[in-house]
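> One structure, as structure tokens, below. Some questions next.
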Amino acid sequence: MTDEQTRLGELREEIDQLDQKIMELISARAKCAQEVASVKMTSNSGQDVFFYRPEREAQVLRRIKEQNPGPLSGEEMARLFREIMSACLALEKPMHIAFLGPIGTFTQAAALKHFGHSVVSVPLPAIDAVFREVESGAAHYGVVPVENSTEGMINHTLDMFMSSPLKICGEVQLRIHHHLLVSPANKDQEITRIYSHQQSFAQCRQWLDTHRYGIERVTVSSNAEAARRAAEEPGTAAIAGDMAAELYGLEIVANSIEDRPDNTTRFLIIGREEVPASGHDKSSILVSMRNKPGALYQLLEPFHRHGLSLTRIETRPSPSGTWAYVFYIDFEGHVEDEQVRKVLADVEDEAVELKRLGSYPIGVL
Ligand SMILES: O=C(O)C(=O)C[C@]1(C(=O)O)C=C[C@@H](O)C=C1
């Protein structure tokens, strides 16, 4: 045996012993989570027990990132713990997560990034169907896209909040990489048609105009549907992400063709209950103002006066009347914070209506 072989054997033995310890520790952690579940059941006498605690999960993941000694990166370590917590939560109660489907969409990737892989993910055909599934209690939580860094807001999601009683419980951001994909069976055929979702075409417009000018672009309901069609129809390609490519066995012809390298989509987690403060939170509100001069100033002035950072303000037409508007606002802070309470009280004095959509941990992963 060479010196290298002897050393390799020793290191592998060390890894085996460490794995054993890690396994014992994860099992001890899982037992703790089971006990947490029975404490929650006793304290709520089985009524409306909220096993999933977004604020606690955010605190755990933040601490892991901060205290991670390396050499793994903080993100990598947090991802590992994300999966451990996901498995522990599934022991307490398997979570049913509705998302904008079909399977293989970026929304599913976002749901798994946020909740880990130990959830039951339920694909639904439209954003309003995701809201309905959570409202009815058929799913515990839902995941919907809300904005893209290249294409802006997803208005359908914003508008749903006007009528829905659901609360925002969290957010998750996903870097979106689009690829041009073909079926290996049709690889040598000339491509005469490209399928994709309208948002993805918009995010890859320049690349398509430069590299695939003149090829027919057909909009379908999702990237996953585009991939499904490309897998079946000779002479076609799809623009979609890794999950859809893998699901339908497609090959990448051109990699990461999005026009902006930082192309990111933000998704919201929607649920039926309010989330306590985690220490690093964001809040969302909908406000409709009287249609008079200075209305926007009056709306924003309290945020400035109390030093609260706005992270997003968006205007949507009000469903109640022509040329009336509703403002969708995201800002840093939690409704339990003194400053936030003061700002909301001031805004409420001036507004026709103020709807609190929820306070939730700023995305950690
Ligand atoms: O602390 C809790 O309330 C738990 O249920 C434990 C735990 C965990 O594994 O750390 C599991 C699920 C919750 O979403 C948050 C944390």
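Please note that chains go A, B, ... in the order of the structure tokens, that every chain numbers its residues from 1, and that ligands are numbered from 1 in the order shown.
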Which residues of chain A come within 7 Å of ligand 1, and for each one, what is the closest pair of atoms and their distance in Å to one decimal, counting only C-alpha atoms and all ligand atoms, sorted by chain and residue number, as JSON lines?

{"residue": "A:Ala33", "atom": "CA", "partner": "ligand 1", "partner_atom_place_in_ligand_line": "6 (C)", "distance": 4.9}
{"residue": "A:Val36", "atom": "CA", "partner": "ligand 1", "partner_atom_place_in_ligand_line": "5 (O)", "distance": 5.6}
{"residue": "A:Ala37", "atom": "CA", "partner": "ligand 1", "partner_atom_place_in_ligand_line": "5 (O)", "distance": 6.2}
{"residue": "A:Phe51", "atom": "CA", "partner": "ligand 1", "partner_atom_place_in_ligand_line": "5 (O)", "distance": 5.5}
{"residue": "A:Tyr52", "atom": "CA", "partner": "ligand 1", "partner_atom_place_in_ligand_line": "14 (O)", "distance": 3.5}
{"residue": "A:Arg53", "atom": "CA", "partner": "ligand 1", "partner_atom_place_in_ligand_line": "14 (O)", "distance": 3.8}
{"residue": "A:Pro54", "atom": "CA", "partner": "ligand 1", "partner_atom_place_in_ligand_line": "14 (O)", "distance": 5.8}
{"residue": "A:Arg56", "atom": "CA", "partner": "ligand 1", "partner_atom_place_in_ligand_line": "15 (C)", "distance": 5.3}
{"residue": "A:Glu57", "atom": "CA", "partner": "ligand 1", "partner_atom_place_in_ligand_line": "15 (C)", "distance": 4.9}
{"residue": "A:Val60", "atom": "CA", "partner": "ligand 1", "partner_atom_place_in_ligand_line": "10 (O)", "distance": 7.0}
{"residue": "A:Met85", "atom": "CA", "partner": "ligand 1", "partner_atom_place_in_ligand_line": "9 (O)", "distance": 4.1}
{"residue": "A:Ser86", "atom": "CA", "partner": "ligand 1", "partner_atom_place_in_ligand_line": "9 (O)", "distance": 6.9}
{"residue": "A:Cys88", "atom": "CA", "partner": "ligand 1", "partner_atom_place_in_ligand_line": "9 (O)", "distance": 4.8}
{"residue": "A:Leu89", "atom": "CA", "partner": "ligand 1", "partner_atom_place_in_ligand_line": "12 (C)", "distance": 4.3}
> Mind checking DSSP for region 275-346 of chain A and telling me the helix (DSSP H, G or I) residues as a list in words?
Ala295, Leu296, Tyr297, Gln298, Leu299, Leu300, Glu301, Pro302, Phe303, His304, Arg305, Glu338, Gln339, Val340, Arg341, Lys342, Val343, Leu344, Ala345 and Asp346 of chain A
> Since we have the selection now, will you write its residues out, keeping N, CA and C atoms, as an mmCIF file, in the first residue's frame?

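What landed in selection22.cif:
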data_model
loop_
_atom_site.group_PDB
_atom_site.id
_atom_site.type_symbol
_atom_site.label_atom_id
_atom_site.label_comp_id
_atom_site.auth_asym_id
_atom_site.auth_seq_id
_atom_site.Cartn_x
_atom_site.Cartn_y
_atom_site.Cartn_z
ATOM 1 N N ALA A 295 -51.638 63.660 -2.343
ATOM 2 C CA ALA A 295 -52.019 62.391 -1.692
ATOM 3 C C ALA A 295 -50.809 61.468 -1.520
ATOM 4 N N LEU A 296 -49.983 61.384 -2.566
ATOM 5 C CA LEU A 296 -48.827 60.482 -2.487
ATOM 6 C C LEU A 296 -47.830 61.000 -1.448
ATOM 7 N N TYR A 297 -47.676 62.331 -1.404
ATOM 8 C CA TYR A 297 -46.777 62.924 -0.415
ATOM 9 C C TYR A 297 -47.252 62.577 0.998
ATOM 10 N N GLN A 298 -48.555 62.748 1.222
ATOM 11 C CA GLN A 298 -49.112 62.461 2.553
ATOM 12 C C GLN A 298 -48.935 61.005 2.939
ATOM 13 N N LEU A 299 -48.988 60.156 1.941
ATOM 14 C CA LEU A 299 -48.828 58.727 2.200
ATOM 15 C C LEU A 299 -47.388 58.407 2.598
ATOM 16 N N LEU A 300 -46.435 59.051 1.919
ATOM 17 C CA LEU A 300 -45.030 58.675 2.126
ATOM 18 C C LEU A 300 -44.357 59.432 3.271
ATOM 19 N N GLU A 301 -44.879 60.622 3.569
ATOM 20 C CA GLU A 301 -44.236 61.479 4.568
ATOM 21 C C GLU A 301 -44.028 60.789 5.926
ATOM 22 N N PRO A 302 -45.020 60.057 6.469
ATOM 23 C CA PRO A 302 -44.797 59.403 7.764
ATOM 24 C C PRO A 302 -43.639 58.399 7.748
ATOM 25 N N PHE A 303 -43.420 57.733 6.616
ATOM 26 C CA PHE A 303 -42.305 56.777 6.521
ATOM 27 C C PHE A 303 -40.983 57.527 6.671
ATOM 28 N N HIS A 304 -40.909 58.689 5.999
ATOM 29 C CA HIS A 304 -39.692 59.507 6.070
ATOM 30 C C HIS A 304 -39.501 60.023 7.501
ATOM 31 N N ARG A 305 -40.583 60.543 8.085
ATOM 32 C CA ARG A 305 -40.512 61.154 9.425
ATOM 33 C C ARG A 305 -40.054 60.138 10.472
ATOM 34 N N GLU A 338 -42.709 49.638 17.475
ATOM 35 C CA GLU A 338 -43.325 50.904 17.859
ATOM 36 C C GLU A 338 -43.413 51.881 16.676
ATOM 37 N N GLN A 339 -42.266 52.022 15.976
ATOM 38 C CA GLN A 339 -42.207 52.974 14.850
ATOM 39 C C GLN A 339 -43.204 52.609 13.759
ATOM 40 N N VAL A 340 -43.294 51.320 13.472
ATOM 41 C CA VAL A 340 -44.204 50.865 12.407
ATOM 42 C C VAL A 340 -45.641 51.169 12.807
ATOM 43 N N ARG A 341 -45.964 50.940 14.076
ATOM 44 C CA ARG A 341 -47.325 51.234 14.550
ATOM 45 C C ARG A 341 -47.662 52.703 14.356
ATOM 46 N N LYS A 342 -46.672 53.586 14.682
ATOM 47 C CA LYS A 342 -46.916 55.029 14.549
ATOM 48 C C LYS A 342 -47.154 55.390 13.088
ATOM 49 N N VAL A 343 -46.301 54.852 12.192
ATOM 50 C CA VAL A 343 -46.440 55.164 10.766
ATOM 51 C C VAL A 343 -47.808 54.710 10.271
ATOM 52 N N LEU A 344 -48.190 53.490 10.641
ATOM 53 C CA LEU A 344 -49.460 52.970 10.126
ATOM 54 C C LEU A 344 -50.648 53.778 10.670
ATOM 55 N N ALA A 345 -50.529 54.248 11.914
ATOM 56 C CA ALA A 345 -51.606 55.075 12.473
ATOM 57 C C ALA A 345 -51.729 56.379 11.680
ATOM 58 N N ASP A 346 -50.567 56.981 11.332
ATOM 59 C CA ASP A 346 -50.583 58.238 10.556
ATOM 60 C C ASP A 346 -51.158 58.008 9.163
#
> Pick out the closest residue to Ser38 (chain A) from this set: A:Glu92, A:Glu24, A:Asp3, A:Glu246. Count only C-alpha atoms.
A:Glu92
> Residues near Pro145 (chain A), anyone? I mean within 8 Å using only C-alpha atoms, not counting same-chain ones fewer than 2 positions away, as a ChimeraX atom specification.
/A:107,143,147,154,157,265-268
> Output C-alpha atoms for every residue in the selection just made, as an mmCIF file, in the first residue's frame.

data_model
loop_
_atom_site.group_PDB
_atom_site.id
_atom_site.type_symbol
_atom_site.label_atom_id
_atom_site.label_comp_id
_atom_site.auth_asym_id
_atom_site.auth_seq_id
_atom_site.Cartn_x
_atom_site.Cartn_y
_atom_site.Cartn_z
ATOM 1 C CA THR A 107 -42.286 28.652 -8.442
ATOM 2 C CA VAL A 143 -46.110 30.168 -3.056
ATOM 3 C CA GLU A 147 -41.900 40.509 -8.990
ATOM 4 C CA ILE A 154 -46.706 40.300 -11.333
ATOM 5 C CA THR A 157 -50.605 38.441 -7.488
ATOM 6 C CA THR A 265 -37.713 36.611 -9.161
ATOM 7 C CA ARG A 266 -39.195 37.279 -5.757
ATOM 8 C CA PHE A 267 -41.916 34.932 -4.490
ATOM 9 C CA LEU A 268 -44.285 35.343 -1.550
#
> Which residues in region 125-310 of chain A does DSSP call strand (DSSP E or B)? List them as a VMD selection string.
chain A and resid 141 to 148 152 to 153 167 to 175 179 to 182 193 to 197 216 to 220 236 to 240 251 to 254 264 to 271 281 to 289 310
> Do a neighbour search on Asn263 (chain A) at 8 Å with only C-alpha atoms, toss out local chain neighbours closer than 2 positions, and write the hits as a list of chain:residue names.
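Answer for this query is A:Asn148, A:Ser149, A:Thr150, A:Arg175, A:Ile176, A:His177, A:Gln203, A:Glu258, A:Asp259, A:Arg260, A:Pro261, A:Thr265.
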